[in-house]
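So the structure is just underneath, and the comments pick up after that.
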There are 2 protein chains.
Amino acid sequence: MATGTRRERERAQREELIVRAARELAEAEGWEAVTTRRLAAEIEYSQPVLYSHFKGKDAIMTAVAAEGFGELAKEVRAARTAATGASEALAAVAAAYTDFARKRPALYDAMFTHTVEVQFASEDGPAYLREGFGELLAAVEPLAGDDDPGVLTETFWASLHGLAMLERSGRLPAAWHDERLGLLIGRFAVGKG
Amino acid sequence: MATGTRRERERAQREELIVRAARELAEAEGWEAVTTRRLAAEIEYSQPVLYSHFKGKDAIMTAVAAEGFGELAKEVRAARTAATGASEALAAVAAAYTDFARKRPALYDAMFTHTVEVQFASEDGPAYLREGFGELLAAVEPLAGDDDPGVLTETFWASLHGLAMLERSGRLPAAWHDERLGLLIGRFAVGKG
DNA sequence: ACAGATTTCCTAGCAGTGCTAGAATCAGCG
DNA sequence: CGCTGATTCTAGCACTGCTAGGAAATCTGT
């Protein structure tokens, strides 16, 4: 790293500072506290500086979301590789995923609730998105049997996402989280493998 | 109906007008178009009139969400009672649920994405929420086997919700919707019943 | 080291938001 | 009709994301 002129390096450094400040502010006080004025004050620059790096506030949130996807993929991967059997790996992955959503609500919000512009799914999504999906796929595939592993992974992912969202909003009491996860794993790890 | 004085009846009528206007505007142009000024212009009153009926914009969205929960429950019920077997009922319910979310995105947003204040889950939620959950429960229970029907229903609901959200945001291509639903039903309707 | 060109940065402001105080208007009643 | 009280509107506040234009700092060539 450290390519380009000194100014270019300083710019890149400040861009990271913006993303880090936005993330920390969101995690500390929620995204509603992340205003451009507040964020500018936090990095000790004026508002227009933000716009010299990002097209708008959404772009900053997207950058935070990208960080989040990378970390989520890493945690899911760690959980998967640490587990032994196929079912155990699926359970570990599911627990890691929902834990991530629960412990980093602001980050998860940036990834799924707020930023809509990120298009991925099929083949042409950003790398960090394919990475996360690939981790889930690696855990689901051994248990897919005759079913399409990709579509099954999408379905499993949707279940995890739904659980995370409903529990986070308080619509499902968090107390029964483990039971729900257990039932879900039971349904997705039946028979095969 | 038609209780109280004439003025009270007119007030109630105007309150319904507000909710209807907010909903129609949201469904036509999205919730970002529903501003208090725009909504006031739509009902041909000034902004403070809105606040004489509702505590704030969130309260109006909550009222719209309440309507949505009622209609969702009705559609799920219709799908469930029209189906014959237990697995078929579950599939019909799942299709009805995701269809609702797809065809009424603004309404579904009001119900789940925006309004956070609605607490329900366990026992003390509003009636219209328990109604919808009850419909899902009625479809899931026959297939629960030894598992807790309530918790299993919550899990199934979360899966449907996750599918609806990810497909709506374009993160999962809508083209494979039916396949995902099929896989989900297959996992939740195994063996038992 | 200094003048000029260039890039970087900030001040000030715009149009819009949700929401509200106080003035104006309207309804009901003696 | 005139008064009282409820109802409604005008005007404004504090805030948002975002941006034009001038000020300030930096780099360049002599």
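Residue numbering restarts at 1 for every chain of the structure tokens, chains are lettered A, B, ... in their displayed order, and ligands are numbered from 1 as they appear.
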With a distance cut-off of 12 Å and only C-alpha atoms (C1' of nucleotides), select the neighbouring residues of DA27 of chain C, excluding the residue or stretch itself and same-chain residues fewer than 3 positions from it, and output the selection as a PyMOL selection string.
(chain B and resi 7) or (chain D and resi 4-7)
Could you take the residues named above and write them with N, CA and C atoms (P, O5', C5', C4', C3', O3' and C1' of nucleotides), as a PDB file, in the first residue's frame?
```pdb
ATOM      1  N   ARG B   7     -69.953  16.536  15.532  1.00  0.00           N
ATOM      2  CA  ARG B   7     -68.558  16.977  15.419  1.00  0.00           C
ATOM      3  C   ARG B   7     -67.584  15.831  15.668  1.00  0.00           C
TER       4      ARG B   7
ATOM      5  P    DT D   4     -67.565  37.464  26.629  1.00  0.00           P
ATOM      6  O5'  DT D   4     -67.458  35.897  26.429  1.00  0.00           O
ATOM      7  C5'  DT D   4     -68.584  35.076  26.759  1.00  0.00           C
ATOM      8  C4'  DT D   4     -68.351  33.673  26.236  1.00  0.00           C
ATOM      9  C3'  DT D   4     -66.922  33.152  26.440  1.00  0.00           C
ATOM     10  O3'  DT D   4     -66.987  31.832  26.925  1.00  0.00           O
ATOM     11  C1'  DT D   4     -67.526  32.962  24.164  1.00  0.00           C
ATOM     12  P    DG D   5     -65.712  31.106  27.591  1.00  0.00           P
ATOM     13  O5'  DG D   5     -65.478  29.905  26.569  1.00  0.00           O
ATOM     14  C5'  DG D   5     -66.583  29.088  26.178  1.00  0.00           C
ATOM     15  C4'  DG D   5     -66.224  28.309  24.928  1.00  0.00           C
ATOM     16  C3'  DG D   5     -64.825  27.675  24.972  1.00  0.00           C
ATOM     17  O3'  DG D   5     -64.909  26.373  24.409  1.00  0.00           O
ATOM     18  C1'  DG D   5     -65.029  29.031  23.057  1.00  0.00           C
ATOM     19  P    DA D   6     -63.847  25.294  24.808  1.00  0.00           P
ATOM     20  O5'  DA D   6     -63.692  24.484  23.457  1.00  0.00           O
ATOM     21  C5'  DA D   6     -64.856  24.083  22.754  1.00  0.00           C
ATOM     22  C4'  DA D   6     -64.670  24.267  21.257  1.00  0.00           C
ATOM     23  C3'  DA D   6     -63.495  23.486  20.660  1.00  0.00           C
ATOM     24  O3'  DA D   6     -63.983  22.745  19.547  1.00  0.00           O
ATOM     25  C1'  DA D   6     -63.425  25.745  19.956  1.00  0.00           C
ATOM     26  P    DT D   7     -63.085  21.618  18.876  1.00  0.00           P
ATOM     27  O5'  DT D   7     -62.636  22.326  17.520  1.00  0.00           O
ATOM     28  C5'  DT D   7     -63.631  22.976  16.723  1.00  0.00           C
ATOM     29  C4'  DT D   7     -62.974  23.733  15.585  1.00  0.00           C
ATOM     30  C3'  DT D   7     -61.808  23.004  14.905  1.00  0.00           C
ATOM     31  O3'  DT D   7     -62.028  23.033  13.507  1.00  0.00           O
ATOM     32  C1'  DT D   7     -61.178  25.199  15.476  1.00  0.00           C
TER      33       DT D   7
END
```
Select, as a ChimeraX atom specification, those residues of chain D with any atom no more than 10 Å from chain B (distances computed using only C-alpha atoms (C1' of nucleotides)).
/D:7-10
Keeping only N, CA and C atoms (P, O5', C5', C4', C3', O3' and C1' of nucleotides), write those residues as a short mmCIF file (atom, residue, chain, number, x, y, z; two decimals), in the first residue's frame.
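Generated file (again25.cif):
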```cif
data_model
loop_
_atom_site.label_atom_id
_atom_site.label_comp_id
_atom_site.auth_asym_id
_atom_site.auth_seq_id
_atom_site.Cartn_x
_atom_site.Cartn_y
_atom_site.Cartn_z
P DT D 7 -63.08 21.62 18.88
"O5'" DT D 7 -62.64 22.33 17.52
"C5'" DT D 7 -63.63 22.98 16.72
"C4'" DT D 7 -62.97 23.73 15.58
"C3'" DT D 7 -61.81 23.00 14.91
"O3'" DT D 7 -62.03 23.03 13.51
"C1'" DT D 7 -61.18 25.20 15.48
P DT D 8 -61.22 22.12 12.52
"O5'" DT D 8 -60.29 23.18 11.80
"C5'" DT D 8 -60.89 24.30 11.15
"C4'" DT D 8 -59.83 25.34 10.84
"C3'" DT D 8 -58.58 24.78 10.16
"O3'" DT D 8 -58.45 25.35 8.88
"C1'" DT D 8 -58.02 26.29 11.91
P DC D 9 -57.32 24.92 7.87
"O5'" DC D 9 -56.43 26.24 7.85
"C5'" DC D 9 -57.08 27.51 7.77
"C4'" DC D 9 -56.09 28.63 8.03
"C3'" DC D 9 -54.77 28.50 7.27
"O3'" DC D 9 -54.47 29.73 6.64
"C1'" DC D 9 -54.36 28.77 9.61
P DT D 10 -53.34 29.84 5.55
"O5'" DT D 10 -52.36 30.96 6.16
"C5'" DT D 10 -52.92 32.05 6.88
"C4'" DT D 10 -51.85 32.70 7.75
"C3'" DT D 10 -50.48 32.84 7.09
"O3'" DT D 10 -49.98 34.14 7.33
"C1'" DT D 10 -50.25 31.71 9.15
#
```
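Residues from chain C found within 12 Å of chain A are DT7, DT8, DC9, DC10 and DT11 of chain C, counting only C-alpha atoms (C1' of nucleotides).
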Write the residues of the preceding selection, restricted to N, CA, C and O atoms (P, O5', C5', C4', C3', O3' and C1' of nucleotides), as a compact mmCIF listing (two decimals), in the first residue's frame.
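Once written, selection-v2.txt looks like this:
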```
# COMPACT_ATOMS: atom_id res chain seq x y z
P DT C 7 -5.23 22.31 -10.28
O5' DT C 7 -5.45 21.49 -8.93
C5' DT C 7 -4.33 21.28 -8.07
C4' DT C 7 -4.67 21.63 -6.64
C3' DT C 7 -5.95 20.98 -6.09
O3' DT C 7 -5.59 20.02 -5.12
C1' DT C 7 -5.69 23.23 -5.36
P DT C 8 -6.71 19.12 -4.41
O5' DT C 8 -7.00 19.93 -3.06
C5' DT C 8 -5.92 20.28 -2.21
C4' DT C 8 -6.42 21.15 -1.07
C3' DT C 8 -7.64 20.60 -0.34
O3' DT C 8 -7.36 20.59 1.05
C1' DT C 8 -7.99 22.86 -0.96
P DC C 9 -8.35 19.86 2.07
O5' DC C 9 -9.23 21.07 2.62
C5' DC C 9 -8.58 22.12 3.31
C4' DC C 9 -9.52 23.28 3.47
C3' DC C 9 -10.85 22.93 4.13
O3' DC C 9 -10.81 23.34 5.50
C1' DC C 9 -11.08 24.49 2.31
P DC C 10 -12.04 23.05 6.45
O5' DC C 10 -12.81 24.45 6.51
C5' DC C 10 -12.06 25.65 6.64
C4' DC C 10 -12.96 26.85 6.41
C3' DC C 10 -14.29 26.81 7.16
O3' DC C 10 -14.54 28.08 7.74
C1' DC C 10 -14.69 27.08 4.85
P DT C 11 -15.62 28.27 8.88
O5' DT C 11 -16.49 29.49 8.33
C5' DT C 11 -15.84 30.57 7.65
C4' DT C 11 -16.82 31.30 6.76
C3' DT C 11 -18.20 31.57 7.39
O3' DT C 11 -18.55 32.93 7.16
C1' DT C 11 -18.46 30.48 5.32
```
Quick one: which residues from chain A are at most 8 Å off chain B, using only C-alpha atoms, as JSON, numbers by chain?
{"A": [113, 116, 118, 119, 120, 121, 122, 147, 151, 152, 154, 155, 156, 157, 158, 159, 160, 161, 162, 163, 165, 166, 169, 170, 171, 172, 173, 176, 179, 180, 181, 183, 184, 187, 188]}
Using only C-alpha atoms (C1' of nucleotides), which residues sit within 9 Å of DC14 of chain C once same-chain residues fewer than 2 positions away are excluded, as JSON, numbers by chain?
{"C": [16], "D": [18, 19]}
Residues from last step as file, N, CA, C and O atoms (P, O5', C5', C4', C3', O3' and C1' of nucleotides), as a PDB file, in the first residue's frame:
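Generated output (again23.pdb):
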```
ATOM      1  P    DG C  16     -38.088  23.067  -2.436  1.00  0.00           P
ATOM      2  O5'  DG C  16     -38.298  22.182  -1.117  1.00  0.00           O
ATOM      3  C5'  DG C  16     -37.831  20.837  -1.124  1.00  0.00           C
ATOM      4  C4'  DG C  16     -37.486  20.395   0.268  1.00  0.00           C
ATOM      5  C3'  DG C  16     -38.652  20.251   1.243  1.00  0.00           C
ATOM      6  O3'  DG C  16     -39.265  18.978   1.112  1.00  0.00           O
ATOM      7  C1'  DG C  16     -36.661  21.077   2.288  1.00  0.00           C
TER       8       DG C  16
ATOM      9  P    DC D  18     -26.890  14.308   0.750  1.00  0.00           P
ATOM     10  O5'  DC D  18     -26.622  15.754   0.134  1.00  0.00           O
ATOM     11  C5'  DC D  18     -27.682  16.414  -0.561  1.00  0.00           C
ATOM     12  C4'  DC D  18     -27.285  17.834  -0.920  1.00  0.00           C
ATOM     13  C3'  DC D  18     -25.923  17.992  -1.604  1.00  0.00           C
ATOM     14  O3'  DC D  18     -26.134  18.444  -2.932  1.00  0.00           O
ATOM     15  C1'  DC D  18     -26.321  19.685   0.005  1.00  0.00           C
ATOM     16  P    DT D  19     -24.947  18.551  -3.973  1.00  0.00           P
ATOM     17  O5'  DT D  19     -24.654  20.124  -4.012  1.00  0.00           O
ATOM     18  C5'  DT D  19     -25.731  21.028  -4.080  1.00  0.00           C
ATOM     19  C4'  DT D  19     -25.223  22.463  -4.129  1.00  0.00           C
ATOM     20  C3'  DT D  19     -23.886  22.665  -4.844  1.00  0.00           C
ATOM     21  O3'  DT D  19     -23.945  23.895  -5.555  1.00  0.00           O
ATOM     22  C1'  DT D  19     -23.725  23.523  -2.690  1.00  0.00           C
TER      23       DT D  19
END
```
Residues of segment 145-193 of chain A in alpha helix (DSSP H), written as JSON, numbers by chain
{"A": [149, 150, 151, 152, 153, 154, 155, 156, 157, 158, 159, 160, 161, 162, 163, 164, 165, 166, 167, 168, 177, 178, 179, 180, 181, 182, 183, 184, 185, 186, 187, 188]}
In Å and to one decimal, atom CA of Ala78 of chain B is distant from atom CA of Ala144 of chain B by 21.1 Å
